[in-house]
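> Got a structure here, written out as structure tokens. Questions coming.
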Amino acid sequence: MAQTIGTHGEPDLRPAGLRGVAADFASDQRAFKTASWGKAMMWIFLLSDTFVFGCFLIAYMTARMSTPVAWPNPSEVFALHIGGQDVPLILIAIMTFVLISSSGTMAMAVNFGYRRDRRTTAILMLLTALLGACFVGMQAFEWTKLITEGVRPWGNPWGAAQFGSTFFMITGFHGTHVTIGVIFLLIVARKVWRGDFDQERRGFFTSRRGRYEAVEIMGLYWHFVDLVWVFIFAFFYLW
Amino acid sequence: MNETAAHAHIQSGQRLQTGQQHPIRLYLLVWGMLFVLSAFSYMVDYLGFQGYLRWTLILLFMMLKAGLIVAVFMHMAWERLALVYAILLPPLLVLVFVALMVSEADYTIFTRLAFFGTGP
């Protein structure tokens, strides 16, 4: 972990630890010595998105703590009737595994990208997009099921009225993030497939040279979507 | 850790492209661990644990999963501390917000019960 590499490949002799933090922030031109501007900006965007989802989860906590009416039991609400018995939370568990698998394939895509294996990278990214689309599909199924059972933003048959509004708000925003991620994945996968990052073809918007780092930045966004789901799964579905 | 070093790829006459390069085995291992941890957190619900045991286990598995994703999949373990601190410290302030809203929610339910009884 102490070993760091400059963006241009030369060994970096910068100090490590807290002394390194002070030196980096006090240095000229740029504070993030190993992250390109693209990667740093994606991280800062993700930080702001963390606050957005943090506020949603805090709103959910406040609603759930301040209502005198019992909160509907998610274990029963999200149960599916399979083979003559109710299996608790099974759809949510499958969605979790699908999203984790998509994170796995994305991490491998980043790895093959830096090995300059154009074909494998594109295939893994398409697989990631497919798993992401599966996730959104299952979420649509879940929404349909709950809406037909009478869940509305202003009420539901099982308990506290705030259940519906927090559910639609939180999973809806997360689903939107996954959908945008799938579109983003398809765009980057097309660029990889076409060889943009091997020929350093310039981007249509930024006019900067294409680099395989774009795959890693795409991966940061995708892993973040998975990360948010970890928190939603824990706080909304399991709590 | 030698594998943490990123390798520079020199192409014929082109500029350098560097990046995170780690063995595939590491990603597969983390992938497997995330699967196992997810199965554990599902079992917390399936086995019907309640109370503090349930909440502790949920938070434990959640933090382990989040840590693995951020550290390995998002490569935070190999970034310089300046970036790590700039990104990972600010979200801790959310905990202050949580504390404020816990106190606020306690007050809300207190007034609701005091003025409306048990019903809304």
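Residues in the structure tokens are named by chain (A, B, ... in the order shown) and by number from 1 within that chain; ligands are numbered from 1 in the order shown.
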When DSSP is applied to the backbone of this structure, which of range 10-120 of chain B are assigned alpha helix (DSSP H)? Write them out as a PDB file with C-alpha atoms, in the first residue's frame.


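Result file out_25.pdb:
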ATOM      1  CA  ILE B  24      -7.765 -11.980 -11.173  1.00  0.00           C
ATOM      2  CA  ARG B  25      -7.584 -14.361  -8.208  1.00  0.00           C
ATOM      3  CA  LEU B  26      -7.988 -11.399  -5.821  1.00  0.00           C
ATOM      4  CA  TYR B  27     -11.215 -10.275  -7.521  1.00  0.00           C
ATOM      5  CA  LEU B  28     -12.625 -13.806  -7.532  1.00  0.00           C
ATOM      6  CA  LEU B  29     -11.792 -14.154  -3.829  1.00  0.00           C
ATOM      7  CA  VAL B  30     -13.565 -10.882  -2.961  1.00  0.00           C
ATOM      8  CA  TRP B  31     -16.499 -11.853  -5.176  1.00  0.00           C
ATOM      9  CA  GLY B  32     -16.807 -15.139  -3.282  1.00  0.00           C
ATOM     10  CA  MET B  33     -16.546 -13.372   0.088  1.00  0.00           C
ATOM     11  CA  LEU B  34     -19.296 -10.924  -0.910  1.00  0.00           C
ATOM     12  CA  PHE B  35     -21.506 -13.887  -1.841  1.00  0.00           C
ATOM     13  CA  VAL B  36     -20.872 -15.582   1.504  1.00  0.00           C
ATOM     14  CA  LEU B  37     -21.466 -12.338   3.465  1.00  0.00           C
ATOM     15  CA  SER B  38     -24.706 -11.706   1.547  1.00  0.00           C
ATOM     16  CA  ALA B  39     -25.819 -15.261   2.316  1.00  0.00           C
ATOM     17  CA  PHE B  40     -25.023 -14.619   6.006  1.00  0.00           C
ATOM     18  CA  SER B  41     -27.063 -11.403   6.075  1.00  0.00           C
ATOM     19  CA  TYR B  42     -29.947 -13.200   4.365  1.00  0.00           C
ATOM     20  CA  MET B  43     -29.721 -15.968   6.969  1.00  0.00           C
ATOM     21  CA  VAL B  44     -30.096 -13.328   9.719  1.00  0.00           C
ATOM     22  CA  ASP B  45     -33.605 -12.749   8.385  1.00  0.00           C
ATOM     23  CA  TYR B  46     -34.310 -16.367   7.427  1.00  0.00           C
ATOM     24  CA  GLY B  51     -33.260  -7.487  18.807  1.00  0.00           C
ATOM     25  CA  TYR B  52     -29.661  -6.423  19.348  1.00  0.00           C
ATOM     26  CA  LEU B  53     -28.248  -9.665  17.916  1.00  0.00           C
ATOM     27  CA  ARG B  54     -30.065  -8.994  14.619  1.00  0.00           C
ATOM     28  CA  TRP B  55     -29.002  -5.344  14.390  1.00  0.00           C
ATOM     29  CA  THR B  56     -25.383  -6.112  15.289  1.00  0.00           C
ATOM     30  CA  LEU B  57     -25.131  -8.874  12.678  1.00  0.00           C
ATOM     31  CA  ILE B  58     -26.807  -6.744   9.983  1.00  0.00           C
ATOM     32  CA  LEU B  59     -24.403  -3.843  10.615  1.00  0.00           C
ATOM     33  CA  LEU B  60     -21.379  -6.153  10.801  1.00  0.00           C
ATOM     34  CA  PHE B  61     -22.076  -7.877   7.475  1.00  0.00           C
ATOM     35  CA  MET B  62     -23.012  -4.543   5.875  1.00  0.00           C
ATOM     36  CA  MET B  63     -19.748  -2.883   6.911  1.00  0.00           C
ATOM     37  CA  LEU B  64     -17.664  -5.883   5.824  1.00  0.00           C
ATOM     38  CA  LYS B  65     -19.332  -5.930   2.390  1.00  0.00           C
ATOM     39  CA  ALA B  66     -19.016  -2.158   1.961  1.00  0.00           C
ATOM     40  CA  GLY B  67     -15.359  -2.309   3.022  1.00  0.00           C
ATOM     41  CA  LEU B  68     -14.528  -5.056   0.526  1.00  0.00           C
ATOM     42  CA  LEU B  81      -4.101   8.642   1.561  1.00  0.00           C
ATOM     43  CA  ALA B  82      -4.951  12.180   0.366  1.00  0.00           C
ATOM     44  CA  LEU B  83      -7.726  10.758  -1.865  1.00  0.00           C
ATOM     45  CA  VAL B  84      -8.800   8.156   0.701  1.00  0.00           C
ATOM     46  CA  TYR B  85      -9.285  10.794   3.400  1.00  0.00           C
ATOM     47  CA  ALA B  86     -10.902  13.317   1.035  1.00  0.00           C
ATOM     48  CA  ILE B  87     -13.548  10.745   0.020  1.00  0.00           C
ATOM     49  CA  LEU B  88     -14.049   8.523   3.066  1.00  0.00           C
ATOM     50  CA  LEU B  93     -20.520  13.630   9.080  1.00  0.00           C
ATOM     51  CA  VAL B  94     -23.719  11.849   8.033  1.00  0.00           C
ATOM     52  CA  LEU B  95     -23.543  10.197  11.464  1.00  0.00           C
ATOM     53  CA  VAL B  96     -23.919  13.637  13.065  1.00  0.00           C
ATOM     54  CA  PHE B  97     -27.061  14.139  10.963  1.00  0.00           C
ATOM     55  CA  VAL B  98     -28.272  10.690  12.106  1.00  0.00           C
ATOM     56  CA  ALA B  99     -27.782  11.701  15.751  1.00  0.00           C
ATOM     57  CA  LEU B 100     -29.718  14.966  15.180  1.00  0.00           C
ATOM     58  CA  MET B 101     -32.606  13.159  13.511  1.00  0.00           C
ATOM     59  CA  VAL B 102     -32.759  10.424  16.167  1.00  0.00           C
ATOM     60  CA  SER B 103     -33.279  13.139  18.750  1.00  0.00           C
ATOM     61  CA  GLU B 104     -35.834  14.868  16.492  1.00  0.00           C
ATOM     62  CA  ALA B 105     -37.754  11.608  15.843  1.00  0.00           C
ATOM     63  CA  ASP B 106     -37.825  10.851  19.568  1.00  0.00           C
ATOM     64  CA  TYR B 107     -39.386  14.254  20.197  1.00  0.00           C
ATOM     65  CA  THR B 108     -41.939  13.767  17.369  1.00  0.00           C
ATOM     66  CA  ILE B 109     -43.131  10.418  18.679  1.00  0.00           C
ATOM     67  CA  PHE B 110     -43.244  11.827  22.201  1.00  0.00           C
ATOM     68  CA  THR B 111     -45.572  14.657  21.107  1.00  0.00           C
ATOM     69  CA  ARG B 112     -47.676  12.300  18.957  1.00  0.00           C
ATOM     70  CA  LEU B 113     -48.223   9.939  21.879  1.00  0.00           C
ATOM     71  CA  ALA B 114     -48.805  12.805  24.306  1.00  0.00           C
ATOM     72  CA  PHE B 115     -51.442  14.573  22.186  1.00  0.00           C
ATOM     73  CA  PHE B 116     -53.047  11.788  20.122  1.00  0.00           C
TER      74      PHE B 116
END

> For the strand (DSSP E) assignment from backbone DSSP, which residues of range 4-207 of chain A qualify? Please present them as a list in words.

Leu80, His81, Ile82, Gln85, Asp86 and Val87 of chain A

> For the selection just defined, write its residues with N, CA and C atoms to a file, as a PDB file, in the first residue's frame.


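To be explicit, this is the file written out as selection.pdb:
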ATOM      1  N   LEU A  80     -42.060 -14.375  -1.222  1.00  0.00           N
ATOM      2  CA  LEU A  80     -42.682 -14.905  -2.433  1.00  0.00           C
ATOM      3  C   LEU A  80     -43.249 -16.284  -2.116  1.00  0.00           C
ATOM      4  N   HIS A  81     -44.369 -16.600  -2.778  1.00  0.00           N
ATOM      5  CA  HIS A  81     -45.008 -17.894  -2.561  1.00  0.00           C
ATOM      6  C   HIS A  81     -44.416 -18.892  -3.552  1.00  0.00           C
ATOM      7  N   ILE A  82     -43.494 -19.732  -3.062  1.00  0.00           N
ATOM      8  CA  ILE A  82     -42.829 -20.684  -3.954  1.00  0.00           C
ATOM      9  C   ILE A  82     -43.030 -22.085  -3.418  1.00  0.00           C
ATOM     10  N   GLN A  85     -45.109 -22.678  -0.122  1.00  0.00           N
ATOM     11  CA  GLN A  85     -44.828 -21.973   1.132  1.00  0.00           C
ATOM     12  C   GLN A  85     -44.208 -20.602   0.857  1.00  0.00           C
ATOM     13  N   ASP A  86     -44.331 -19.724   1.843  1.00  0.00           N
ATOM     14  CA  ASP A  86     -43.780 -18.383   1.693  1.00  0.00           C
ATOM     15  C   ASP A  86     -42.302 -18.387   2.043  1.00  0.00           C
ATOM     16  N   VAL A  87     -41.470 -17.995   1.083  1.00  0.00           N
ATOM     17  CA  VAL A  87     -40.039 -17.871   1.373  1.00  0.00           C
ATOM     18  C   VAL A  87     -39.749 -16.395   1.623  1.00  0.00           C
TER      19      VAL A  87
END

> Would you list the contacts of range 126-143 of chain A as a ChimeraX atom specification, taking every protein, DNA or RNA residue within 6 Å and counting only C-alpha atoms, but skipping same-chain residues closer than 6 positions in sequence?

/A:95,102,105-106,182

> Show which residues sit within 12 Å of range 21-32 of chain A, as a list in words. Count only C-alpha atoms, and ignore same-chain residues fewer than 5 positions away.

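Counting only the stated atoms, we get Thr4, Ile5, Gly6, Thr7, Leu13, Arg14, Pro15, Ala16, Trp37, Gly38, Lys39, Ala40, Met41, Trp43 and Ile44 of chain A; Glu79, Arg80, Leu81, Ala82, Leu83, Val84, Tyr85, Ala86 and Ile87 of chain B.
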
> Could you please determine the separation between CA of Gly164 in chain A and CA of Gly84 in chain A in Å, to one decimal place?

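Taking CA of Gly164 in chain A and CA of Gly84 in chain A, their separation equals 27.3 Å.
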
> Could you jot down the CA of His75 in chain B to CA of Asp196 in chain A separation for me, Å, one decimal place?

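CA of Asp196 in chain A lies at a distance of 23.8 Å from CA of His75 in chain B.
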
> Quick one: distance from CA of Arg194 in chain A to CA of Met108 in chain A in Å, one decimal?

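If I compute the distance from CA of Arg194 in chain A to CA of Met108 in chain A, I get 19.1 Å.
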
> For range 64-73 of chain A, list every protein, DNA or RNA residue within 6 Å, evaluated using only C-alpha atoms, and leave out those in the same chain fewer than 2 positions away; present the list as a ChimeraX atom specification.

/A:61-62,75-76,158-160 /B:105,108-109

> Would you please work out which residue, of A:Ala63, A:Val77, A:Cys55, A:Ile217, is nearest to Phe73 in chain B when using only C-alpha atoms?

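Going through A:Ala63, A:Val77, A:Cys55, A:Ile217 one by one, the smallest distance to Phe73 in chain B is for A:Ile217.
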